[in-house]
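S.K.: Just work22.pdb, nothing more (PDB, C-alpha atoms):
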ATOM      1  CA  MET A   6    -173.136  24.262 -31.127  1.00  0.00           C
ATOM      2  CA  GLU A   7    -174.662  22.257 -33.979  1.00  0.00           C
ATOM      3  CA  ILE A   8    -173.231  24.612 -36.580  1.00  0.00           C
ATOM      4  CA  VAL A   9    -169.771  24.426 -35.014  1.00  0.00           C
ATOM      5  CA  SER A  10    -170.023  20.640 -34.986  1.00  0.00           C
ATOM      6  CA  GLU A  11    -170.851  20.585 -38.681  1.00  0.00           C
ATOM      7  CA  LEU A  12    -168.142  23.109 -39.590  1.00  0.00           C
ATOM      8  CA  LEU A  13    -165.525  21.075 -37.746  1.00  0.00           C
ATOM      9  CA  GLY A  14    -166.698  17.863 -39.375  1.00  0.00           C
ATOM     10  CA  HIS A  15    -167.449  16.083 -36.112  1.00  0.00           C
ATOM     11  CA  SER A  16    -169.369  12.842 -36.453  1.00  0.00           C
ATOM     12  CA  ASN A  17    -172.010  14.086 -34.011  1.00  0.00           C
ATOM     13  CA  ILE A  18    -172.677  16.973 -31.650  1.00  0.00           C
ATOM     14  CA  LYS A  19    -171.542  14.995 -28.593  1.00  0.00           C
ATOM     15  CA  VAL A  20    -167.959  15.153 -29.863  1.00  0.00           C
ATOM     16  CA  THR A  21    -168.202  18.944 -30.086  1.00  0.00           C
ATOM     17  CA  GLN A  22    -169.870  19.260 -26.694  1.00  0.00           C
ATOM     18  CA  LYS A  23    -167.191  17.118 -25.071  1.00  0.00           C
ATOM     19  CA  SER A  24    -164.418  19.185 -26.655  1.00  0.00           C
ATOM     20  CA  TYR A  25    -165.859  22.678 -26.362  1.00  0.00           C
ATOM     21  CA  GLY A  26    -168.704  22.525 -23.843  1.00  0.00           C
ATOM     22  CA  LYS A  27    -166.648  23.782 -20.903  1.00  0.00           C
ATOM     23  CA  VAL A  28    -165.180  26.610 -22.965  1.00  0.00           C
ATOM     24  CA  VAL A  29    -168.630  27.724 -24.074  1.00  0.00           C
ATOM     25  CA  GLN A  30    -170.004  27.569 -20.529  1.00  0.00           C
ATOM     26  CA  LYS A  31    -167.103  29.685 -19.225  1.00  0.00           C
ATOM     27  CA  LYS A  32    -167.722  32.260 -21.971  1.00  0.00           C
ATOM     28  CA  ILE A  33    -171.432  32.415 -21.149  1.00  0.00           C
ATOM     29  CA  SER A  34    -170.660  32.884 -17.454  1.00  0.00           C
ATOM     30  CA  LEU A  35    -168.196  35.676 -18.235  1.00  0.00           C
ATOM     31  CA  GLU A  36    -170.678  37.487 -20.476  1.00  0.00           C
ATOM     32  CA  ILE A  37    -173.443  37.221 -17.856  1.00  0.00           C
ATOM     33  CA  LYS A  38    -171.071  38.710 -15.278  1.00  0.00           C
ATOM     34  CA  ARG A  39    -170.253  41.596 -17.637  1.00  0.00           C
ATOM     35  CA  LEU A  40    -173.929  42.192 -18.329  1.00  0.00           C
ATOM     36  CA  LYS A  41    -174.694  42.345 -14.608  1.00  0.00           C
ATOM     37  CA  GLU A  42    -171.913  44.914 -14.163  1.00  0.00           C
ATOM     38  CA  VAL A  43    -173.286  47.066 -16.987  1.00  0.00           C
ATOM     39  CA  VAL A  44    -176.818  46.899 -15.589  1.00  0.00           C
ATOM     40  CA  SER A  45    -175.529  47.810 -12.137  1.00  0.00           C
ATOM     41  CA  ILE A  46    -173.637  50.819 -13.502  1.00  0.00           C
ATOM     42  CA  ALA A  47    -176.704  51.901 -15.485  1.00  0.00           C
ATOM     43  CA  LYS A  48    -178.874  51.742 -12.357  1.00  0.00           C
ATOM     44  CA  ILE A  49    -176.389  53.837 -10.381  1.00  0.00           C
ATOM     45  CA  SER A  50    -176.128  56.340 -13.224  1.00  0.00           C
ATOM     46  CA  SER A  51    -179.903  56.697 -13.517  1.00  0.00           C
ATOM     47  CA  LYS A  52    -180.177  57.390  -9.779  1.00  0.00           C
ATOM     48  CA  LEU A  53    -177.651  60.213 -10.086  1.00  0.00           C
ATOM     49  CA  HIS A  54    -179.605  61.984 -12.835  1.00  0.00           C
TER      50      HIS A  54
END
Render the structure in this file as structure tokens.
M.R.:
Amino acid sequence: MEIVSELLGHSNIKVTQKSYGKVVQKKISLEIKRLKEVVSIAKISSKLH
């Protein structure tokens, strides 16, 4: 987040967090959900072999 803040020229990281914090959190949640699905599929696949 610090790098994004600097690239966007924000005066401090709080500006970036206020603007993009929710978006980042949603993305993290989505990726965790996808990872859980992949792990679940891998477990099922390993049981079949």
S.K.: Have a look at atom CA of A:Ile8 and atom CA of A:Tyr25 and let me know their distance in Å, one decimal.
M.R.: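 So the two atoms, atom CA of A:Ile8 and atom CA of A:Tyr25, lie 12.7 Å apart.
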S.K.: Compare A:Met6, A:His54, A:Glu36, A:Glu42 by their minimum atom-to-atom distance to A:Lys23, counting only C-alpha atoms, and give me the closest one.
M.R.: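 Using only C-alpha atoms, A:Lys23 sits closest to A:Met6.
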S.K.: Hey, can you pull every residue with an atom no more than 12 Å from (-167.5, 25.7, -27.2), using all atoms listed in the file, and send it as a list in words?
M.R.: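 Taken together, the residues in range are Met6, Glu7, Ile8, Val9, Ser10, Leu13, Ile18, Lys19, Val20, Thr21, Gln22, Lys23, Ser24, Tyr25, Gly26, Lys27, Val28, Val29, Gln30, Lys31, Lys32 and Ile33 of chain A.
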S.K.: What separation in Å, quoted to one decimal, exists between atom CA of A:Ser34 and atom CA of A:Leu53?
M.R.: 29.2 Å
S.K.: Please compute the atom CA of A:Ser50-atom CA of A:Ile37 distance, one decimal, in Å.
M.R.: 19.9 Å
